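What follows is upload_36.tsv (TSV, C-alpha atoms).
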chain	number	residue	atom	x	y	z
A	16	MET	CA	-20.90	6.08	26.74
A	17	ASN	CA	-19.24	7.11	30.03
A	18	ARG	CA	-16.27	9.43	30.06
A	19	SER	CA	-13.80	7.66	27.82
A	20	GLU	CA	-11.03	7.65	30.45
A	21	ASN	CA	-13.16	5.16	32.39
A	22	TYR	CA	-13.11	2.84	29.39
A	23	PHE	CA	-9.40	2.01	29.59
A	24	ARG	CA	-8.31	-0.94	31.67
A	25	VAL	CA	-4.90	-1.42	33.22
A	26	GLY	CA	-3.13	-4.75	33.42
A	27	THR	CA	-1.96	-7.71	31.36
A	28	HIS	CA	-2.84	-11.32	32.09
A	29	GLN	CA	-1.47	-14.74	31.24
A	30	LEU	CA	-4.53	-16.23	29.57
A	31	HIS	CA	-3.00	-18.61	27.01
A	32	ASN	CA	0.35	-20.27	26.31
A	33	ASP	CA	0.29	-19.33	22.62
A	34	PRO	CA	1.72	-15.76	22.41
A	35	ASN	CA	-0.68	-14.63	19.70
A	36	PHE	CA	-3.80	-16.08	21.33
A	37	ASN	CA	-2.67	-14.60	24.64
A	38	TYR	CA	-2.14	-11.17	23.12
A	39	GLN	CA	-5.49	-11.18	21.31
A	40	LEU	CA	-7.31	-12.23	24.49
A	41	ASN	CA	-5.63	-9.40	26.42
A	42	ARG	CA	-6.51	-6.99	23.64
A	43	THR	CA	-10.15	-8.11	23.87
A	44	TYR	CA	-10.11	-7.45	27.61
A	45	SER	CA	-8.17	-4.17	27.65
A	46	TRP	CA	-9.41	-2.39	24.52
A	47	SER	CA	-12.82	-3.93	23.97
A	48	GLN	CA	-14.29	-4.39	27.45
A	49	GLY	CA	-14.26	-8.19	27.39
A	50	ASP	CA	-15.06	-9.93	30.66
A	51	LEU	CA	-11.87	-11.33	32.18
A	52	LEU	CA	-13.42	-14.41	33.80
A	53	GLU	CA	-15.34	-15.19	30.61
A	54	LEU	CA	-12.17	-14.87	28.53
A	55	LYS	CA	-10.22	-17.11	30.93
A	56	LYS	CA	-12.84	-19.85	30.62
A	57	ALA	CA	-12.87	-19.54	26.83
A	58	ALA	CA	-9.06	-19.56	26.68
A	59	ALA	CA	-8.90	-22.93	28.42
A	60	LYS	CA	-10.78	-24.46	25.47
A	61	ILE	CA	-8.83	-22.76	22.67
A	62	THR	CA	-6.35	-25.03	20.90
A	63	ASP	CA	-6.46	-23.66	17.35
A	64	SER	CA	-8.24	-21.10	15.17
A	65	ALA	CA	-11.37	-23.25	14.84
A	66	ALA	CA	-11.65	-23.54	18.63
A	67	TRP	CA	-11.07	-19.78	18.96
A	68	ILE	CA	-13.97	-19.06	16.61
A	69	ARG	CA	-16.25	-21.54	18.37
A	70	GLU	CA	-15.55	-20.14	21.83
A	71	MET	CA	-15.77	-16.49	20.80
A	72	LEU	CA	-19.11	-17.06	19.07
A	73	ALA	CA	-20.41	-18.88	22.15
A	74	ILE	CA	-19.62	-16.00	24.51
A	75	ALA	CA	-20.83	-13.46	21.93
A	76	HIS	CA	-24.27	-15.10	21.89
A	77	LYS	CA	-24.24	-15.36	25.69
A	78	ALA	CA	-23.35	-11.67	26.08
A	79	MET	CA	-26.04	-10.69	23.59
A	80	LYS	CA	-28.66	-12.75	25.40
A	81	GLU	CA	-27.68	-11.02	28.66
A	82	GLU	CA	-27.76	-7.59	26.94
A	83	ARG	CA	-24.05	-6.99	27.51
A	84	ILE	CA	-23.80	-5.24	24.16
A	85	GLU	CA	-20.24	-3.89	24.32
A	86	GLN	CA	-18.92	-7.34	25.12
A	87	ALA	CA	-21.03	-8.96	22.40
A	88	ILE	CA	-19.52	-6.52	19.87
A	89	ALA	CA	-16.01	-7.36	21.07
A	90	TYR	CA	-16.54	-11.12	20.90
A	91	TRP	CA	-18.09	-11.07	17.43
A	92	ARG	CA	-15.25	-8.90	16.20
A	93	MET	CA	-12.67	-11.28	17.66
A	94	ALA	CA	-14.47	-14.36	16.30
A	95	GLU	CA	-14.20	-12.84	12.82
A	96	PHE	CA	-10.53	-12.14	13.49
A	97	PHE	CA	-9.61	-15.81	12.98
A	98	MET	CA	-12.06	-16.50	10.16
A	99	TYR	CA	-10.50	-16.71	6.73
A	100	ASP	CA	-11.31	-15.55	3.23
A	101	GLY	CA	-13.88	-17.82	1.64
A	102	GLU	CA	-15.42	-18.99	4.91
A	103	PRO	CA	-19.14	-18.20	4.65
A	104	GLU	CA	-19.41	-16.88	8.20
A	105	LYS	CA	-16.59	-14.30	7.90
A	106	ILE	CA	-18.44	-11.38	6.35
A	107	LYS	CA	-21.67	-12.32	8.14
A	108	THR	CA	-19.85	-12.13	11.49
A	109	TYR	CA	-18.13	-8.87	10.53
A	110	ASP	CA	-21.49	-7.37	9.54
A	111	GLN	CA	-23.01	-8.46	12.85
A	112	ALA	CA	-20.26	-6.75	14.87
A	113	ILE	CA	-20.40	-3.55	12.82
A	114	ARG	CA	-24.21	-3.34	12.78
A	115	LEU	CA	-24.35	-3.80	16.54
A	116	PHE	CA	-21.59	-1.22	17.05
A	117	TYR	CA	-23.41	1.55	15.17
A	118	GLU	CA	-26.73	0.69	16.81
A	119	HIS	CA	-25.21	0.74	20.29
A	120	TYR	CA	-23.31	3.98	19.79
A	121	ALA	CA	-26.01	5.68	17.71
A	122	PRO	CA	-26.38	8.56	20.22
A	123	LEU	CA	-22.78	9.63	19.57
A	124	PHE	CA	-23.46	9.93	15.86
A	125	GLU	CA	-26.95	11.40	16.18
A	126	SER	CA	-25.62	14.14	18.47
A	127	GLY	CA	-22.83	14.97	16.03
A	128	MET	CA	-20.13	14.27	18.60
A	129	VAL	CA	-18.70	11.73	16.18
A	130	LYS	CA	-19.26	12.03	12.44
A	131	ARG	CA	-18.91	9.51	9.61
A	132	ASP	CA	-17.64	10.21	6.11
A	133	LYS	CA	-16.37	8.44	3.00
A	134	VAL	CA	-13.26	9.69	1.22
A	135	PRO	CA	-13.00	8.73	-2.48
A	136	TYR	CA	-10.06	6.42	-3.13
A	137	GLU	CA	-9.25	4.47	-6.29
A	138	SER	CA	-12.40	2.54	-7.26
A	139	GLY	CA	-13.98	2.90	-3.84
A	140	PHE	CA	-13.66	4.94	-0.65
A	141	LEU	CA	-11.96	5.13	2.73
A	142	PRO	CA	-14.33	5.19	5.73
A	143	VAL	CA	-13.61	7.88	8.32
A	144	LEU	CA	-14.81	8.66	11.83
A	145	TYR	CA	-13.96	12.14	13.06
A	146	THR	CA	-14.60	14.25	16.10
A	147	GLU	CA	-13.85	17.79	17.22
A	148	PRO	CA	-13.47	19.23	20.73
A	149	GLU	CA	-16.01	21.61	22.21
A	150	GLY	CA	-13.47	24.44	22.48
A	151	GLU	CA	-10.48	25.47	20.40
A	152	SER	CA	-8.58	22.53	18.94
A	153	VAL	CA	-5.09	21.89	20.27
A	154	ASP	CA	-4.02	19.89	17.21
A	155	THR	CA	-5.38	17.67	14.44
A	156	ILE	CA	-4.56	13.97	14.61
A	157	LEU	CA	-4.85	11.34	11.87
A	158	LEU	CA	-5.05	7.87	13.39
A	159	GLN	CA	-5.00	4.43	11.79
A	160	GLY	CA	-4.28	0.84	12.73
A	161	GLY	CA	-2.20	-1.80	10.99
A	162	PHE	CA	-2.30	-5.34	9.67
A	163	ASP	CA	-5.47	-6.63	11.29
A	164	SER	CA	-7.44	-3.73	12.79
A	165	TYR	CA	-10.64	-2.01	11.96
A	166	MET	CA	-11.40	1.48	13.09
A	167	GLU	CA	-14.36	0.88	15.37
A	168	GLU	CA	-12.16	-0.63	18.09
A	169	PHE	CA	-10.37	2.74	18.45
A	170	LEU	CA	-13.53	4.71	19.37
A	171	PRO	CA	-12.50	5.17	23.04
A	172	MET	CA	-9.15	6.58	21.90
A	173	ILE	CA	-10.65	9.28	19.71
A	174	LEU	CA	-13.21	10.24	22.37
A	175	TYR	CA	-10.46	10.54	24.98
A	176	LEU	CA	-8.35	12.69	22.66
A	177	ARG	CA	-11.41	14.84	21.94
A	178	GLU	CA	-11.92	15.39	25.68
A	179	LYS	CA	-8.31	16.59	25.84
A	180	GLY	CA	-8.90	19.17	23.11
A	181	PHE	CA	-7.89	17.37	19.91
A	182	THR	CA	-9.56	17.05	16.54
A	183	VAL	CA	-9.20	13.44	15.43
A	184	TYR	CA	-9.70	11.73	12.07
A	185	LEU	CA	-9.74	7.95	12.39
A	186	PHE	CA	-9.65	6.12	9.08
A	187	GLU	CA	-9.31	2.72	7.45
A	188	GLY	CA	-6.95	2.41	4.54
A	189	PRO	CA	-6.47	-0.27	1.90
A	190	GLY	CA	-6.37	-3.78	3.35
A	191	GLN	CA	-8.10	-2.75	6.59
A	192	GLY	CA	-11.61	-3.16	7.96
A	193	ALA	CA	-14.38	-2.48	5.50
A	194	VAL	CA	-11.96	-1.43	2.75
A	195	ILE	CA	-10.82	-5.03	2.26
A	196	ARG	CA	-13.92	-6.82	3.54
A	197	LYS	CA	-16.56	-4.89	1.61
A	198	GLN	CA	-14.57	-3.38	-1.29
A	199	GLY	CA	-11.70	-5.80	-1.84
A	200	ILE	CA	-9.03	-3.07	-1.98
A	201	PRO	CA	-5.79	-4.73	-0.77
A	202	LEU	CA	-3.13	-3.42	1.58
A	203	THR	CA	-0.44	-1.22	0.02
A	204	HIS	CA	2.95	-0.07	1.26
A	205	GLU	CA	2.42	3.22	-0.62
A	206	TRP	CA	0.63	4.70	2.36
A	207	HIS	CA	1.17	8.27	1.27
A	208	LYS	CA	-1.68	7.71	-1.20
A	209	PRO	CA	-4.49	7.11	1.31
A	210	VAL	CA	-3.04	9.76	3.66
A	211	LYS	CA	-3.02	12.27	0.78
A	212	ALA	CA	-6.64	11.38	0.00
A	213	ILE	CA	-7.65	12.12	3.61
A	214	LEU	CA	-5.69	15.38	3.79
A	215	ASP	CA	-7.07	16.59	0.46
A	216	HIS	CA	-10.68	15.69	1.23
A	217	PHE	CA	-10.77	17.46	4.60
A	218	LYS	CA	-8.32	20.23	3.54
A	219	LEU	CA	-5.99	19.48	6.43
A	220	ASN	CA	-2.51	20.83	7.08
A	221	GLU	CA	0.10	20.46	9.83
A	222	VAL	CA	-1.31	17.26	11.29
A	223	THR	CA	0.02	14.62	13.67
A	224	LEU	CA	-0.03	11.18	12.04
A	225	ILE	CA	-0.29	8.11	14.28
A	226	GLY	CA	0.11	4.52	13.10
A	227	LEU	CA	-0.15	1.41	15.27
A	228	SER	CA	1.77	-1.83	14.69
A	229	LEU	CA	2.25	-2.34	10.94
A	230	GLY	CA	0.72	1.12	10.65
A	231	ALA	CA	3.87	2.46	12.33
A	232	ILE	CA	5.83	1.38	9.24
A	233	LEU	CA	3.20	2.88	6.98
A	234	VAL	CA	3.27	6.32	8.58
A	235	ALA	CA	7.00	6.64	7.90
A	236	ARG	CA	6.35	6.21	4.18
A	237	ALA	CA	3.46	8.69	4.34
A	238	ALA	CA	5.49	11.28	6.26
A	239	ALA	CA	8.44	10.93	3.89
A	240	CYS	CA	6.21	11.84	0.94
A	241	GLU	CA	3.64	14.14	2.52
A	242	LYS	CA	4.93	17.25	4.29
A	243	ARG	CA	1.51	18.33	5.49
A	244	VAL	CA	2.31	15.78	8.20
A	245	LYS	CA	4.09	17.82	10.86
A	246	ARG	CA	4.53	15.21	13.59
A	247	VAL	CA	4.85	11.41	13.34
A	248	ILE	CA	4.01	8.86	16.02
A	249	ALA	CA	5.11	5.27	15.39
A	250	TRP	CA	3.25	3.16	17.95
A	251	SER	CA	4.83	-0.31	18.28
A	252	LEU	CA	6.96	-0.08	15.16
A	253	MET	CA	8.37	-3.13	13.44
A	254	ILE	CA	11.61	-2.72	11.49
A	255	SER	CA	10.42	-5.03	8.74
A	256	TYR	CA	7.30	-7.13	8.60
A	257	PHE	CA	9.22	-9.80	6.71
A	258	ASP	CA	11.81	-9.94	9.50
A	259	SER	CA	9.12	-10.09	12.18
A	260	ILE	CA	7.53	-13.13	10.53
A	261	LEU	CA	10.89	-14.92	10.67
A	262	ALA	CA	12.06	-13.58	14.04
A	263	SER	CA	11.00	-16.60	16.12
A	264	ARG	CA	12.38	-19.13	13.62
A	265	PRO	CA	15.70	-21.00	14.04
A	266	LYS	CA	18.74	-19.20	12.66
A	267	ILE	CA	19.03	-21.54	9.69
A	268	VAL	CA	15.43	-20.78	8.68
A	269	ARG	CA	16.02	-17.03	9.02
A	270	LYS	CA	18.90	-17.37	6.56
A	271	MET	CA	17.28	-19.88	4.23
A	272	ILE	CA	13.93	-18.14	3.58
A	273	PRO	CA	15.41	-14.83	2.30
A	274	LEU	CA	17.76	-16.81	0.04
A	275	LEU	CA	14.90	-18.88	-1.35
A	276	MET	CA	12.93	-15.68	-1.97
A	277	LYS	CA	15.88	-14.20	-3.89
A	278	LEU	CA	16.05	-17.38	-5.96
A	279	ARG	CA	12.27	-17.16	-6.51
A	280	SER	CA	11.83	-20.72	-5.30
A	281	ARG	CA	8.06	-20.48	-5.28
A	282	SER	CA	7.25	-24.17	-4.83
A	283	VAL	CA	9.77	-24.67	-2.02
A	284	ILE	CA	8.57	-21.59	-0.11
A	285	ASN	CA	4.95	-22.66	-0.50
A	286	TYR	CA	5.75	-26.15	0.77
A	287	ILE	CA	7.71	-24.89	3.81
A	288	PHE	CA	5.05	-22.39	4.87
A	289	ARG	CA	2.15	-24.73	4.34
A	290	LYS	CA	3.86	-27.21	6.66
A	291	MET	CA	4.33	-24.43	9.23
A	292	MET	CA	0.66	-23.51	8.87
A	293	GLU	CA	-0.39	-27.09	9.57
A	294	ARG	CA	1.60	-27.12	12.83
A	295	GLU	CA	1.24	-23.58	14.18
A	296	PRO	CA	-1.96	-21.54	14.66
A	297	ILE	CA	-0.08	-18.22	14.51
A	298	ALA	CA	1.58	-19.11	11.19
A	299	ASP	CA	-1.74	-20.31	9.80
A	300	TRP	CA	-3.47	-17.07	10.78
A	301	ASN	CA	-0.62	-14.82	9.65
A	302	VAL	CA	-0.34	-16.28	6.15
A	303	ARG	CA	-4.04	-16.78	5.52
A	304	HIS	CA	-5.07	-13.37	6.80
A	305	GLY	CA	-2.07	-11.83	5.02
A	306	CYS	CA	-3.02	-13.37	1.68
A	307	TYR	CA	-6.52	-11.99	2.21
A	308	ASN	CA	-5.66	-8.40	3.06
A	309	MET	CA	-2.83	-8.18	0.51
A	310	GLY	CA	-4.91	-9.67	-2.29
A	311	VAL	CA	-2.73	-12.71	-3.08
A	312	LYS	CA	-3.25	-16.49	-3.05
A	313	THR	CA	-0.04	-18.26	-1.98
A	314	PRO	CA	2.54	-17.99	0.84
A	315	TYR	CA	5.22	-17.10	-1.70
A	316	ASP	CA	3.19	-14.21	-3.13
A	317	TYR	CA	2.36	-13.07	0.39
A	318	LEU	CA	6.05	-12.97	1.39
A	319	ALA	CA	6.89	-11.10	-1.81
A	320	LYS	CA	4.39	-8.42	-0.82
A	321	VAL	CA	5.49	-8.47	2.82
A	322	GLN	CA	9.05	-7.54	1.84
A	323	LEU	CA	7.76	-4.13	0.76
A	324	PHE	CA	6.59	-3.33	4.28
A	325	GLU	CA	9.73	-2.02	5.95
A	326	TYR	CA	10.56	1.35	7.37
A	327	LYS	CA	14.26	1.72	6.49
A	328	SER	CA	13.82	2.84	2.87
A	329	SER	CA	11.67	5.77	4.07
A	330	ALA	CA	13.42	6.58	7.35
A	331	ALA	CA	16.03	9.03	6.02
A	332	ALA	CA	13.33	11.08	4.27
A	333	VAL	CA	11.34	11.60	7.48
A	334	SER	CA	12.03	15.19	8.53
A	335	GLN	CA	9.26	15.76	11.06
A	336	ASP	CA	9.22	15.56	14.86
A	337	TYR	CA	9.12	11.84	15.61
A	338	LEU	CA	7.83	9.90	18.62
A	339	LEU	CA	8.68	6.20	18.79
A	340	ILE	CA	6.49	4.28	21.23
A	341	GLY	CA	7.99	0.97	22.28
A	342	ALA	CA	7.27	-1.91	24.64
A	343	GLN	CA	9.63	-3.85	26.88
A	344	LYS	CA	8.23	-7.27	25.90
A	345	ASP	CA	6.76	-6.73	22.44
A	346	HIS	CA	6.59	-10.17	20.80
A	347	PHE	CA	7.25	-8.53	17.42
A	348	LEU	CA	10.34	-6.45	18.30
A	349	ALA	CA	13.16	-6.99	20.81
A	350	VAL	CA	14.29	-3.97	22.82
A	351	ALA	CA	17.78	-4.16	21.28
A	352	GLU	CA	16.29	-3.43	17.86
A	353	TYR	CA	15.19	0.10	18.74
A	354	LYS	CA	18.72	1.39	18.19
A	355	ARG	CA	18.54	0.31	14.53
A	356	ILE	CA	15.32	2.25	14.13
A	357	ILE	CA	16.69	5.41	15.72
A	358	ASP	CA	19.97	5.24	13.79
A	359	ALA	CA	18.10	5.15	10.47
A	360	LEU	CA	16.07	8.29	11.27
A	361	THR	CA	18.93	10.58	10.33
A	362	ASN	CA	16.96	13.69	9.34
A	363	VAL	CA	14.11	13.95	11.83
A	364	LYS	CA	13.52	17.35	13.39
A	365	SER	CA	13.43	15.77	16.84
A	366	MET	CA	13.50	12.20	18.08
A	367	THR	CA	11.79	10.87	21.20
A	368	LEU	CA	11.69	7.24	22.34
A	369	ARG	CA	9.27	6.20	25.06
A	370	LEU	CA	9.73	2.58	26.09
A	371	PHE	CA	6.90	1.27	28.26
A	372	THR	CA	7.57	-1.42	30.84
A	373	ALA	CA	5.93	-4.30	32.69
A	374	GLN	CA	5.81	-2.16	35.84
A	375	GLU	CA	3.54	0.20	33.88
A	376	HIS	CA	1.44	-2.74	32.60
A	377	ALA	CA	2.26	-1.60	29.07
A	378	GLU	CA	5.02	-4.02	28.09
A	379	ASN	CA	3.20	-5.84	25.29
A	380	HIS	CA	2.55	-5.04	21.63
A	381	CYS	CA	0.70	-1.73	21.21
A	382	ASN	CA	0.88	-1.40	25.01
A	383	ALA	CA	-2.61	-2.91	25.21
A	384	GLY	CA	-2.41	-3.24	29.01
A	385	ASN	CA	-2.36	0.53	29.60
A	386	GLY	CA	-3.71	2.45	26.62
A	387	LYS	CA	-4.57	5.56	28.63
A	388	LEU	CA	-0.95	5.96	29.75
A	389	VAL	CA	0.19	5.89	26.12
A	390	LEU	CA	-2.43	8.44	25.08
A	391	ASP	CA	-1.40	10.72	27.96
A	392	THR	CA	2.21	10.41	26.77
A	393	ILE	CA	1.19	11.31	23.22
A	394	ILE	CA	-0.80	14.31	24.46
A	395	SER	CA	2.11	15.54	26.57
A	396	TRP	CA	4.54	15.15	23.66
A	397	ILE	CA	2.35	17.11	21.26
A	398	ASN	CA	1.69	19.86	23.81
A	399	THR	CA	5.41	20.19	24.55
A	400	LEU	CA	6.23	20.59	20.85
A	401	LYS	CA	3.45	23.10	20.27
A	402	ASN	CA	4.46	25.17	23.31
A	403	ARG	CA	8.00	25.22	21.97
A	404	GLU	CA	6.74	26.36	18.56
A	405	ASP	CA	4.68	29.13	20.13
A	406	LYS	CA	7.61	30.63	22.02
A	407	PRO	CA	9.92	33.12	20.25
A	408	ASP	CA	13.52	32.15	19.76
A	409	CYS	CA	15.76	32.99	22.66
A	410	ILE	CA	17.74	36.20	22.21
A	411	LYS	CA	21.42	35.45	22.10
A	412	THR	CA	23.75	37.76	23.98

Once you've parsed the file, please lay out its structure as structure tokens.
Amino acid sequence: MNRSENYFRVGTHQLHNDPNFNYQLNRTYSWSQGDLLELKKAAAKITDSAAWIREMLAIAHKAMKEERIEQAIAYWRMAEFFMYDGEPEKIKTYDQAIRLFYEHYAPLFESGMVKRDKVPYESGFLPVLYTEPEGESVDTILLQGGFDSYMEEFLPMILYLREKGFTVYLFEGPGQGAVIRKQGIPLTHEWHKPVKAILDHFKLNEVTLIGLSLGAILVARAAACEKRVKRVIAWSLMISYFDSILASRPKIVRKMIPLLMKLRSRSVINYIFRKMMEREPIADWNVRHGCYNMGVKTPYDYLAKVQLFEYKSSAAAVSQDYLLIGAQKDHFLAVAEYKRIIDALTNVKSMTLRLFTAQEHAENHCNAGNGKLVLDTIISWINTLKNREDKPDCIKT
């Protein structure tokens, strides 16, 4: 693999009219080395999840035939993204992407630059990739994704952080990657439990904890309970996953659904959401994938679980240095909502908001159009805090 800084692409593109399809296509280009022209051609044929799968598999096979291995990995991963629990090709496609990933990057693991481990957790384990810098470590980072990620797509991030002097532990928790696909351990809002398992296993202390997307909610819960976390980075935080699901709905729906949930109107909720799923690819994917990674069967049960994934109940107990990474045009969170987040963090040691813009090509969810800029911001923030810690208190006169 070339120097990891060369792996990051800059720029966002209008590839599809559906916001979720458009975001996932940009993510495939920016984070996973997809070919832009190839993705544009595929996008023109994508009308629903079935078409997405068909087109991604087609370009995956084409890339493989042409020995464009990184792109084949990306396309197989993204084909699996819209496959659902019970579909026979889902795990087969996941296995293909993962097998190819570890074959392609075998030199990194054989050299010891990146190591693999398994941390015992409940009835199974949490997979971990970790790497250490050649010289003295600046800091130790724990990194994890959110609702729909698996850890292999973050390899360039951990290699870049390593080059900048950081020790990085990248892990999958319950409901993510292999933990749900191969072990069936569902997503939990009690994220302090997997974080504790990682810290205990590797005997870590005073770490920086980074969570992306839904993971940005999860790290608040972990930091509130686990004081071995010294710094917290919430990367594209959502206030409440339940609220984000309803955010694009008409006002009457935003009022009606919470009321129906309070009344436990299971059949009505299931009917409403199944109708939405029939009409809208993003609703279909959200509910079906959500049922899968949360270990439930119906829209009602999914929403009941989703209500547990909010940051506000943990916010006041977060006492660490806190970096909130936002985006000007995040389709999950309006800019005006950041004030609510900041106001709830009443006991943080320090509070920093960095809002990325369209001019920086980082305006979308998780700033996928300029990942290197975000990582450089994170590095600068950590270094500033550590330099401050290393200096003696000023002498008052």

With all atoms listed in the file counted and 7 Å as the cut-off, give the residues of range 304-335 of chain A in contact with range 255-279 of chain A, each with its shortest interatomic distance in Å and the pair that gives it, as CSV.
residue,atom,partner,partner_atom,distance
A:Leu318,CA,A:Phe257,CA,7.0
A:Val321,CA,A:Phe257,CA,5.6
A:Gln322,CA,A:Phe257,CA,5.4
A:Phe324,CA,A:Tyr256,CA,5.8
A:Glu325,CA,A:Ser255,CA,4.2
A:Tyr326,CA,A:Ser255,CA,6.5

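By chain and then residue number, the residues within 10 Å of Ser328 in chain A are Ala235, Arg236, Ala239, Leu323, Phe324, Glu325, Ala331, Ala332 and Ala359 of chain A, counting only C-alpha atoms and disregarding those fewer than 3 positions away in sequence.
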
Selection near Val194 in chain A, 12 Å with all atoms listed in the file, sequence-local residues under 3 positions removed, as an mmCIF file with C-alpha atoms, keeping the file's coordinate frame:
data_model
loop_
_atom_site.group_PDB
_atom_site.id
_atom_site.type_symbol
_atom_site.label_atom_id
_atom_site.label_comp_id
_atom_site.auth_asym_id
_atom_site.auth_seq_id
_atom_site.Cartn_x
_atom_site.Cartn_y
_atom_site.Cartn_z
ATOM 1 C CA LYS A 133 -16.370 8.440 3.000
ATOM 2 C CA VAL A 134 -13.260 9.690 1.220
ATOM 3 C CA PRO A 135 -13.000 8.730 -2.480
ATOM 4 C CA TYR A 136 -10.060 6.420 -3.130
ATOM 5 C CA GLU A 137 -9.250 4.470 -6.290
ATOM 6 C CA SER A 138 -12.400 2.540 -7.260
ATOM 7 C CA GLY A 139 -13.980 2.900 -3.840
ATOM 8 C CA PHE A 140 -13.660 4.940 -0.650
ATOM 9 C CA LEU A 141 -11.960 5.130 2.730
ATOM 10 C CA PRO A 142 -14.330 5.190 5.730
ATOM 11 C CA VAL A 143 -13.610 7.880 8.320
ATOM 12 C CA ASP A 163 -5.470 -6.630 11.290
ATOM 13 C CA SER A 164 -7.440 -3.730 12.790
ATOM 14 C CA TYR A 165 -10.640 -2.010 11.960
ATOM 15 C CA MET A 166 -11.400 1.480 13.090
ATOM 16 C CA PHE A 186 -9.650 6.120 9.080
ATOM 17 C CA GLU A 187 -9.310 2.720 7.450
ATOM 18 C CA GLY A 188 -6.950 2.410 4.540
ATOM 19 C CA PRO A 189 -6.470 -0.270 1.900
ATOM 20 C CA GLY A 190 -6.370 -3.780 3.350
ATOM 21 C CA GLN A 191 -8.100 -2.750 6.590
ATOM 22 C CA LYS A 197 -16.560 -4.890 1.610
ATOM 23 C CA GLN A 198 -14.570 -3.380 -1.290
ATOM 24 C CA GLY A 199 -11.700 -5.800 -1.840
ATOM 25 C CA ILE A 200 -9.030 -3.070 -1.980
ATOM 26 C CA PRO A 201 -5.790 -4.730 -0.770
ATOM 27 C CA LEU A 202 -3.130 -3.420 1.580
ATOM 28 C CA THR A 203 -0.440 -1.220 0.020
ATOM 29 C CA PRO A 209 -4.490 7.110 1.310
ATOM 30 C CA TYR A 307 -6.520 -11.990 2.210
ATOM 31 C CA ASN A 308 -5.660 -8.400 3.060
ATOM 32 C CA MET A 309 -2.830 -8.180 0.510
ATOM 33 C CA GLY A 310 -4.910 -9.670 -2.290
#

Show me a table, sorted first by chain and then by increasing residue number, of the residues of range 100-183 of chain A having an atom at most 12 Å from range 222-228 of chain A, each with its shortest atom pair and the distance in Å to one decimal, counting only C-alpha atoms and written as a Markdown table.
| residue | atom | partner | partner_atom | distance |
| --- | --- | --- | --- | --- |
| A:Ser152 | CA | A:Val222 | CA | 11.8 |
| A:Val153 | CA | A:Val222 | CA | 10.8 |
| A:Asp154 | CA | A:Val222 | CA | 7.0 |
| A:Thr155 | CA | A:Val222 | CA | 5.2 |
| A:Ile156 | CA | A:Thr223 | CA | 4.7 |
| A:Leu157 | CA | A:Leu224 | CA | 4.8 |
| A:Leu158 | CA | A:Ile225 | CA | 4.8 |
| A:Gln159 | CA | A:Gly226 | CA | 5.3 |
| A:Gly160 | CA | A:Leu227 | CA | 4.9 |
| A:Gly161 | CA | A:Ser228 | CA | 5.4 |
| A:Phe162 | CA | A:Ser228 | CA | 7.4 |
| A:Asp163 | CA | A:Ser228 | CA | 9.3 |
| A:Ser164 | CA | A:Leu227 | CA | 9.3 |
| A:Tyr165 | CA | A:Leu227 | CA | 11.5 |
| A:Met166 | CA | A:Leu227 | CA | 11.5 |
| A:Phe169 | CA | A:Leu227 | CA | 10.8 |
| A:Met172 | CA | A:Ile225 | CA | 11.8 |
| A:Ile173 | CA | A:Ile225 | CA | 11.8 |
| A:Phe181 | CA | A:Thr223 | CA | 10.4 |
| A:Thr182 | CA | A:Val222 | CA | 9.8 |
| A:Val183 | CA | A:Thr223 | CA | 9.5 |

For range 21-32 of chain A, what centre and edge lengths in Å (one decimal) does the axis-aligned box get once 5 Å is added on each side of all its listed atoms, as lines of an AutoDock Vina configuration file?
center_x = -6.4
center_y = -7.6
center_z = 29.9
size_x = 23.5
size_y = 35.4
size_z = 17.1

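Coordinates place CA of Arg355 in chain A at a distance of 14.7 Å from CA of Leu370 in chain A.
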
For Asn379 in chain A, find every residue with an atom within 6 Å (counting all atoms listed in the file), except residues of its own chain fewer than 2 positions away, and show them as an mmCIF file with C-alpha atoms, in the frame of the given file.
data_model
loop_
_atom_site.group_PDB
_atom_site.id
_atom_site.type_symbol
_atom_site.label_atom_id
_atom_site.label_comp_id
_atom_site.auth_asym_id
_atom_site.auth_seq_id
_atom_site.Cartn_x
_atom_site.Cartn_y
_atom_site.Cartn_z
ATOM 1 C CA ALA A 342 7.270 -1.910 24.640
ATOM 2 C CA LYS A 344 8.230 -7.270 25.900
ATOM 3 C CA ASP A 345 6.760 -6.730 22.440
ATOM 4 C CA ALA A 377 2.260 -1.600 29.070
ATOM 5 C CA ASN A 382 0.880 -1.400 25.010
#

- Can you list, as a VMD selection string, every protein, DNA or RNA residue that comes within 12 Å of His304 in chain A when you count only C-alpha atoms, leaving out same-chain residues fewer than 2 positions away? chain A and resid 64 95 to 102 105 162 to 164 190 to 191 195 to 196 201 to 202 292 296 to 302 306 to 314 317

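For range 51-59 of chain A, the list of residues within 10 Å, based on only C-alpha atoms and with local chain neighbours fewer than 6 positions off taken out, reads His28, Gln29, Leu30, His31, Asn32, Phe36, Asn37, Leu40, Asn41, Thr43, Tyr44, Ser45, Ala66, Trp67, Arg69, Glu70, Met71, Ala73, Ile74, Ala78 and Tyr90 of chain A.
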
- For Trp396 in chain A, the nearest of the candidates A:Ile113, A:Leu339, A:Leu174, A:Ala373, counting only C-alpha atoms: A:Leu339

- Query: At what distance in Å, to one decimal, does CA of Asn402 in chain A lie from CA of Ala383 in chain A?
  - Reply: 29.0 Å

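When CA of His76 in chain A is paired with CA of Arg24 in chain A, their separation reads 23.5 Å.
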
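Remark: for Asp132 in chain A, the closest of the candidate residues A:Ile397, A:Leu176, A:Leu185, A:Ala87 is A:Leu185 (distances computed over all atoms listed in the file).
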